[in-house]
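Some notes on the structure that comes next.
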Amino acid sequence: MRAIVIDKPGDTSVLKMVDRPIPRADATHSVMRIHAFGVHRYEVLTRAGGSPAVKFPRVIGVEAVGEVTEPATNSQLKVGQKVMTMMGGFGREVDGSYQEFALVADENLYPVDYDGDWITLAQYPENFYTAIGALKSLSLTAGQTLLVRGGTSAVGLAAIKLAKAFGLKVTATTRRKAMLSELIENGADDAVLDTDNSLVTDQSFDGIIDMVGTVTLANSVTHLNQGGAVCLIGLLAGEWIVENFNPFILAGKSLTVFDTTDVQQDLVDEIFKLIKANDLQIPIAKVFKLADIQAAHKYVMESRELGQVIVDND
Ligand SMILES: NC(=O)c1ccc[n+]([C@@H]2O[C@H](COP(=O)([O-])OP(=O)(O)OC[C@H]3O[C@@H](n4cnc5c(N)ncnc54)[C@H](OP(=O)(O)O)[C@@H]3O)[C@@H](O)[C@H]2O)c1
């Protein structure tokens, strides 16, 4: 099989295609044929050496969709079962999606009830799981208001779609004026500019999903209604630490954080029910082949197109 192996961190030239034997299942790991996967900016960071937990050589790539070709001994999974995988160290502690087959622990393989094509399916795992987790942590009810801060990101677009399916009134942000109308076209009820980490509006919201991160957190809190909550899920601005944060601005409000570490099959099932019932999709920015992974990495960093970059592995 073909695999993209990184021997040492560096620029796109370290993404090298090699031939490897197809892995064999064992007592707890099944073999998955990877049909498609999303390519993310945080994988570019890993390639460049920015993820200290990742030891090389490594096949990176944090999520994939495909089918089981050889189930683990005593596995509940069947040959041909449609699955997605994410987390569980995939593409970090163990080899990930940038290959044709992967050996994946059964506990990290999630069956999906989905009839569409592999490329369309590949937009969902990380984007929709992160978005629904963040939304649920806010405990909003239909009719309440939500701000999606970082609305043009793939997770942001997924959050807009899911929030509308939950009956929320959704405002989304971008730093680019030209993107305001695109946010509306992609389902937001309203769109506002985020300039120098400050929202260009006086409005307040019942809930905020903040993907820009620590640099906008305090400003997000000031745009919360009493009783409202901010869920921090991303660090698009690249800063991990909140400088000069006065926690008392949270009086009568709350702050939550969501990450996808603990993936639950129930929530995966709920996502695919919502997708089916509401035909939820985000734009697919561009599709590459595995052999063009270097170009895909350049594209995710340089492109300003909306949507998810996908590798079609068939
Ligand atoms: N918590 C979790 O488990 C989890 C899981 C997946 C992803 N994430 C995080 O969620 C975030 C979104 O991921 P993604 O893959 O969806 O991102 P993405 O699609 O690569 O996001 C691209 C968008 O980010 C915005 N952006 C870039 N730099 C920014 C900055 N300095 N300030 C504000 N906006 C900036 C740009 O919007 P404009 O130019 O239009 O403003 C751009 O359209 C990331 O921080 C990622 O690490 C978290």
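Residues in the structure tokens are named by chain (A, B, ... in the order shown) and by number from 1 within that chain; ligands are numbered from 1 in the order shown.
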Grab me every residue within 8 Å of ligand 1, counting only C-alpha atoms and all ligand atoms, and send it over as a CSV table (one decimal) with N, CA and C atoms, in the first residue's frame.
```
chain,number,residue,atom,x,y,z
A,40,HIS,N,-5.9,19.3,7.6
A,40,HIS,CA,-6.1,20.5,8.5
A,40,HIS,C,-4.8,21.3,8.7
A,41,ARG,N,-5.0,22.5,9.0
A,41,ARG,CA,-3.9,23.4,9.3
A,41,ARG,C,-3.0,22.9,10.5
A,42,TYR,N,-3.7,22.3,11.5
A,42,TYR,CA,-2.9,21.8,12.6
A,42,TYR,C,-2.1,20.6,12.2
A,126,GLU,N,-14.0,15.4,12.5
A,126,GLU,CA,-13.5,16.4,13.4
A,126,GLU,C,-14.4,17.7,13.4
A,127,ASN,N,-14.8,18.1,12.2
A,127,ASN,CA,-15.5,19.4,12.1
A,127,ASN,C,-16.8,19.3,12.8
A,129,TYR,N,-18.0,16.9,14.9
A,129,TYR,CA,-18.0,16.4,16.3
A,129,TYR,C,-17.6,17.6,17.2
A,130,THR,N,-16.6,18.3,16.8
A,130,THR,CA,-16.2,19.5,17.6
A,130,THR,C,-17.3,20.5,17.7
A,150,GLY,N,-15.1,33.0,14.4
A,150,GLY,CA,-14.3,32.2,13.6
A,150,GLY,C,-15.2,31.4,12.6
A,151,GLY,N,-16.2,32.1,12.2
A,151,GLY,CA,-17.3,31.5,11.4
A,151,GLY,C,-16.8,30.9,10.1
A,152,THR,N,-15.7,31.4,9.5
A,152,THR,CA,-15.3,30.9,8.2
A,152,THR,C,-14.4,29.7,8.3
A,153,SER,N,-14.0,29.3,9.5
A,153,SER,CA,-13.2,28.1,9.6
A,153,SER,C,-14.2,26.9,9.3
A,154,ALA,N,-13.6,25.7,9.1
A,154,ALA,CA,-14.4,24.5,8.8
A,154,ALA,C,-15.2,24.2,10.0
A,155,VAL,N,-14.7,24.2,11.2
A,155,VAL,CA,-15.5,23.9,12.4
A,155,VAL,C,-16.6,25.0,12.5
A,156,GLY,N,-16.2,26.2,12.2
A,156,GLY,CA,-17.2,27.3,12.4
A,156,GLY,C,-18.4,27.1,11.4
A,157,LEU,N,-18.1,26.7,10.2
A,157,LEU,CA,-19.2,26.5,9.2
A,157,LEU,C,-20.1,25.3,9.7
A,173,THR,N,-18.8,35.3,12.6
A,173,THR,CA,-17.8,36.4,12.4
A,173,THR,C,-16.7,36.0,11.4
A,174,THR,N,-16.1,37.0,10.9
A,174,THR,CA,-14.9,36.9,10.0
A,174,THR,C,-14.1,38.2,10.2
A,175,ARG,N,-12.8,38.1,9.8
A,175,ARG,CA,-12.0,39.3,9.8
A,175,ARG,C,-12.1,40.0,8.5
A,176,ARG,N,-12.7,39.3,7.5
A,176,ARG,CA,-12.7,39.8,6.1
A,176,ARG,C,-14.1,40.2,5.7
A,179,MET,N,-16.2,38.3,3.2
A,179,MET,CA,-16.7,37.0,3.7
A,179,MET,C,-18.1,37.1,4.4
A,194,ASP,N,-14.8,40.9,12.8
A,194,ASP,CA,-14.0,40.8,14.0
A,194,ASP,C,-12.7,41.5,13.7
A,197,ASN,N,-9.3,41.6,17.0
A,197,ASN,CA,-9.8,40.8,18.1
A,197,ASN,C,-11.0,41.5,18.9
A,211,MET,N,-13.5,30.3,18.4
A,211,MET,CA,-12.5,29.5,17.8
A,211,MET,C,-11.2,30.3,17.6
A,212,VAL,N,-11.3,31.6,17.8
A,212,VAL,CA,-10.1,32.5,17.6
A,212,VAL,C,-9.2,32.3,18.7
A,213,GLY,N,-9.8,32.2,19.9
A,213,GLY,CA,-9.0,31.7,21.1
A,213,GLY,C,-8.8,32.7,22.2
A,232,LEU,N,-14.8,27.8,24.5
A,232,LEU,CA,-13.6,27.9,23.8
A,232,LEU,C,-13.2,26.6,23.1
A,233,ILE,N,-13.0,26.6,21.8
A,233,ILE,CA,-12.6,25.3,21.2
A,233,ILE,C,-11.4,25.4,20.3
A,234,GLY,N,-11.0,26.6,20.0
A,234,GLY,CA,-9.9,26.7,19.0
A,234,GLY,C,-8.9,27.8,19.4
A,235,LEU,N,-7.8,27.8,18.8
A,235,LEU,CA,-6.8,28.8,19.0
A,235,LEU,C,-6.3,29.3,17.6
A,236,LEU,N,-7.2,29.8,16.8
A,236,LEU,CA,-6.8,30.2,15.4
A,236,LEU,C,-5.7,31.3,15.5
A,237,ALA,N,-5.8,32.1,16.5
A,237,ALA,CA,-4.8,33.1,16.6
A,237,ALA,C,-3.4,32.6,17.0
A,238,GLY,N,-3.3,31.3,17.4
A,238,GLY,CA,-2.1,30.7,17.8
A,238,GLY,C,-1.5,31.1,19.1
A,257,VAL,N,-14.9,24.7,27.9
A,257,VAL,CA,-13.9,24.3,26.9
A,257,VAL,C,-14.3,23.0,26.4
A,258,PHE,N,-14.2,22.8,25.1
A,258,PHE,CA,-14.5,21.4,24.6
A,258,PHE,C,-13.4,20.9,23.7
A,259,ASP,N,-13.0,19.7,23.9
A,259,ASP,CA,-12.1,19.1,22.9
A,259,ASP,C,-12.6,17.7,22.6
A,260,THR,N,-12.1,17.1,21.5
A,260,THR,CA,-12.6,15.8,21.0
A,260,THR,C,-12.0,14.6,21.6
A,261,THR,N,-11.3,14.8,22.7
A,261,THR,CA,-10.5,13.7,23.3
A,261,THR,C,-11.4,12.4,23.5
A,300,VAL,N,-3.8,24.3,2.0
A,300,VAL,CA,-4.5,24.7,3.3
A,300,VAL,C,-3.9,25.9,4.0
A,301,MET,N,-2.6,26.1,3.8
A,301,MET,CA,-2.1,27.3,4.5
A,301,MET,C,-2.3,28.6,3.6
A,304,ARG,N,-7.6,31.1,0.7
A,304,ARG,CA,-8.6,31.8,1.5
A,304,ARG,C,-10.0,31.3,1.2
A,305,GLU,N,-10.1,30.2,0.5
A,305,GLU,CA,-11.4,29.6,0.1
A,305,GLU,C,-12.1,29.1,1.4
A,306,LEU,N,-13.4,29.1,1.4
A,306,LEU,CA,-14.1,28.6,2.5
A,306,LEU,C,-14.2,27.1,2.3
A,307,GLY,N,-14.2,26.4,3.5
A,307,GLY,CA,-14.5,24.9,3.4
A,307,GLY,C,-13.3,24.0,3.7
A,308,GLN,N,-13.6,22.7,3.7
A,308,GLN,CA,-12.7,21.7,4.1
A,308,GLN,C,-11.9,21.2,2.9
```
Got a sec: who's within 9 Å of Asp113 of chain A, counting only C-alpha atoms, leaving out chain neighbours fewer than 3 positions off, as a PyMOL selection string? chain A and resi 82-83+269+272-273
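We find atom CA of Phe90 of chain A and atom CA of Leu109 of chain A to be spaced 10.7 Å apart.
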For a test of reading the model, state the distance in Å between atom CA of Lys253 of chain A and atom CA of Leu267 of chain A, rounded to one decimal. 26.0 Å
Considering only C-alpha atoms, tabulate each residue of segment 12-78 of chain A that lies at most 10 Å from segment 292-295 of chain A along with its nearest interatomic pair and the corresponding distance in Å to one decimal; arrange the rows by chain and ascending residue number and present them as CSV.
```
residue,atom,partner,partner_atom,distance
A:Thr12,CA,A:Gln294,CA,5.2
A:Ser13,CA,A:Gln294,CA,7.0
A:Val14,CA,A:Gln294,CA,8.7
A:Leu15,CA,A:Gln294,CA,6.4
A:Lys16,CA,A:Gln294,CA,8.8
A:Met17,CA,A:Ile293,CA,9.2
A:Val39,CA,A:Ile293,CA,9.0
```
Store the residues of this selection in a file with C-alpha atoms, as an mmCIF file, in the first residue's frame.
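Output file selection-v3.cif is given in full below:
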```
data_model
loop_
_atom_site.group_PDB
_atom_site.id
_atom_site.type_symbol
_atom_site.label_atom_id
_atom_site.label_comp_id
_atom_site.auth_asym_id
_atom_site.auth_seq_id
_atom_site.Cartn_x
_atom_site.Cartn_y
_atom_site.Cartn_z
ATOM 1 C CA THR A 12 6.345 20.023 2.486
ATOM 2 C CA SER A 13 9.275 18.059 0.981
ATOM 3 C CA VAL A 14 9.359 15.820 4.107
ATOM 4 C CA LEU A 15 6.005 14.304 3.035
ATOM 5 C CA LYS A 16 7.391 11.247 1.201
ATOM 6 C CA MET A 17 5.383 8.494 -0.449
ATOM 7 C CA VAL A 39 -6.448 17.905 5.714
#
```
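Note that the spacing between atom CA of Gly89 of chain A and atom CA of Phe56 of chain A amounts to 13.8 Å.
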Please give the complete set of residues from segment 87-256 of chain A that DSSP, run on the backbone, assigns to alpha helix (DSSP H), formatted as a PyMOL selection string. chain A and resi 118-121+125-138+154-165+180-185+217-222
Check the DSSP output for the backbone and give back, as a PyMOL selection string, the residues of segment 65-130 of chain A in strand (DSSP E). chain A and resi 65-70+82-86+101-105+109-111
Atoms to include: C-alpha atoms. Write the selected residues as a PDB file, in the first residue's frame.
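Contents of out24.pdb, as written:
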```
ATOM      1  CA  VAL A  65     -13.410   7.726   6.711  1.00  0.00           C
ATOM      2  CA  GLY A  66     -13.480   4.309   5.105  1.00  0.00           C
ATOM      3  CA  GLU A  67     -14.418   0.679   5.620  1.00  0.00           C
ATOM      4  CA  VAL A  68     -13.229  -2.211   7.737  1.00  0.00           C
ATOM      5  CA  THR A  69     -11.326  -4.751   5.626  1.00  0.00           C
ATOM      6  CA  GLU A  70     -10.072  -7.054   8.406  1.00  0.00           C
ATOM      7  CA  LYS A  82     -18.513   2.027   6.983  1.00  0.00           C
ATOM      8  CA  VAL A  83     -16.554   3.762   9.744  1.00  0.00           C
ATOM      9  CA  MET A  84     -14.826   6.965  10.687  1.00  0.00           C
ATOM     10  CA  THR A  85     -11.885   7.370  13.023  1.00  0.00           C
ATOM     11  CA  MET A  86     -10.492  10.327  14.925  1.00  0.00           C
ATOM     12  CA  PHE A 101      -4.892   1.334   5.057  1.00  0.00           C
ATOM     13  CA  ALA A 102      -4.557   1.927   8.790  1.00  0.00           C
ATOM     14  CA  LEU A 103      -4.482  -0.302  11.843  1.00  0.00           C
ATOM     15  CA  VAL A 104      -6.968   1.260  14.259  1.00  0.00           C
ATOM     16  CA  ALA A 105      -8.009   0.237  17.773  1.00  0.00           C
ATOM     17  CA  LEU A 109     -13.581   3.116  15.035  1.00  0.00           C
ATOM     18  CA  TYR A 110     -17.066   4.647  14.887  1.00  0.00           C
ATOM     19  CA  PRO A 111     -19.663   3.098  12.547  1.00  0.00           C
TER      20      PRO A 111
END
```
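Residues surrounding Ala163 of chain A within 10 Å are Ala131, Ile132, Leu135, Lys136, Leu140, Thr141, Ala142, Thr145, Leu146, Leu147, Val148, Leu157, Ala158, Ala159, Gly167, Leu168, Lys169, Val170, Gly187 and Ala188 of chain A [only C-alpha atoms; sequence separation below 4 positions excluded].
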Selection above as a file: N, CA, C and O atoms, as a short mmCIF file (atom, residue, chain, number, x, y, z; two decimals), in the first residue's frame:
```cif
data_model
loop_
_atom_site.label_atom_id
_atom_site.label_comp_id
_atom_site.auth_asym_id
_atom_site.auth_seq_id
_atom_site.Cartn_x
_atom_site.Cartn_y
_atom_site.Cartn_z
N ALA A 131 -17.96 20.75 16.60
CA ALA A 131 -19.03 21.75 16.61
C ALA A 131 -20.19 21.31 17.48
O ALA A 131 -20.73 22.10 18.28
N ILE A 132 -20.60 20.05 17.39
CA ILE A 132 -21.76 19.62 18.20
C ILE A 132 -21.38 19.56 19.67
O ILE A 132 -22.18 19.92 20.55
N LEU A 135 -21.54 23.10 20.93
CA LEU A 135 -22.94 23.54 21.03
C LEU A 135 -23.63 22.95 22.26
O LEU A 135 -24.31 23.65 23.00
N LYS A 136 -23.43 21.66 22.48
CA LYS A 136 -24.10 21.00 23.61
C LYS A 136 -23.60 21.57 24.93
O LYS A 136 -24.37 21.68 25.89
N LEU A 140 -28.01 25.58 25.02
CA LEU A 140 -28.96 26.56 24.48
C LEU A 140 -30.24 25.85 24.04
O LEU A 140 -30.23 24.65 23.76
N THR A 141 -31.32 26.61 23.96
CA THR A 141 -32.57 26.03 23.46
C THR A 141 -33.02 26.82 22.22
O THR A 141 -32.61 27.97 22.03
N ALA A 142 -33.87 26.19 21.43
CA ALA A 142 -34.34 26.79 20.17
C ALA A 142 -34.82 28.21 20.41
O ALA A 142 -35.49 28.49 21.41
N THR A 145 -29.87 32.92 21.00
CA THR A 145 -28.90 33.47 20.04
C THR A 145 -27.52 32.88 20.28
O THR A 145 -27.09 32.68 21.42
N LEU A 146 -26.83 32.64 19.18
CA LEU A 146 -25.47 32.07 19.23
C LEU A 146 -24.55 32.90 18.35
O LEU A 146 -24.92 33.28 17.23
N LEU A 147 -23.34 33.17 18.85
CA LEU A 147 -22.30 33.76 18.01
C LEU A 147 -21.24 32.69 17.73
O LEU A 147 -20.74 32.04 18.66
N VAL A 148 -20.93 32.51 16.45
CA VAL A 148 -19.85 31.60 16.06
C VAL A 148 -18.66 32.48 15.69
O VAL A 148 -18.66 33.12 14.64
N LEU A 157 -18.10 26.71 10.20
CA LEU A 157 -19.18 26.46 9.22
C LEU A 157 -20.05 25.29 9.69
O LEU A 157 -21.28 25.33 9.56
N ALA A 158 -19.42 24.27 10.25
CA ALA A 158 -20.19 23.13 10.78
C ALA A 158 -21.07 23.59 11.95
O ALA A 158 -22.23 23.17 12.07
N ALA A 159 -20.52 24.47 12.80
CA ALA A 159 -21.29 24.96 13.95
C ALA A 159 -22.50 25.76 13.48
O ALA A 159 -23.59 25.65 14.07
N GLY A 167 -32.34 25.08 15.77
CA GLY A 167 -33.31 26.18 15.89
C GLY A 167 -32.76 27.44 16.53
O GLY A 167 -33.52 28.30 17.01
N LEU A 168 -31.44 27.60 16.54
CA LEU A 168 -30.85 28.81 17.13
C LEU A 168 -30.79 29.94 16.12
O LEU A 168 -30.82 29.71 14.90
N LYS A 169 -30.68 31.17 16.63
CA LYS A 169 -30.48 32.33 15.76
C LYS A 169 -28.97 32.59 15.74
O LYS A 169 -28.37 32.86 16.79
N VAL A 170 -28.37 32.46 14.56
CA VAL A 170 -26.91 32.38 14.50
C VAL A 170 -26.27 33.61 13.84
O VAL A 170 -26.63 33.98 12.71
N GLY A 187 -25.57 29.92 5.73
CA GLY A 187 -26.57 29.57 6.74
C GLY A 187 -26.68 30.49 7.93
O GLY A 187 -27.64 30.39 8.69
N ALA A 188 -25.71 31.41 8.13
CA ALA A 188 -25.81 32.31 9.29
C ALA A 188 -26.95 33.30 9.06
O ALA A 188 -27.22 33.71 7.92
#
```
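Summary of the local environment: counting only C-alpha atoms, residues at most 12 Å from Arg92 of chain A, other than itself and those fewer than 6 positions away along its chain, are Ile6, Tyr42, Glu43, Leu45, Thr46, Arg47, Gly49, Gly50, Ser51, Pro52, Ala53, Val54, Lys55, Phe56, Pro57, Arg58, Val59, Ile60, Gly61, Val62, Glu63, Met86 and Tyr98 of chain A.
Each of A:Gln99, A:Gln226, A:Thr195, A:Ser30 was checked against Lys78 of chain A using only C-alpha atoms; the smallest atom-to-atom distance is that of A:Ser30.
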Residues near Asn186 of chain A, cut-off 9 Å, only C-alpha atoms, skip fewer than 6 positions along chain, as a PyMOL selection string: chain A and resi 157+160-161+282-283
I want to know what sits within 12 Å of Asn244 of chain A, based on only C-alpha atoms, with residues of the same chain fewer than 5 positions away left out; could you give that as a ChimeraX atom specification? /A:214-215,217-218,249
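When only C-alpha atoms are used to compute distances to Asn313 of chain A, the closest of the residues A:Ser181, A:Gln144, A:Ser97, A:Thr73 turns out to be A:Ser97.
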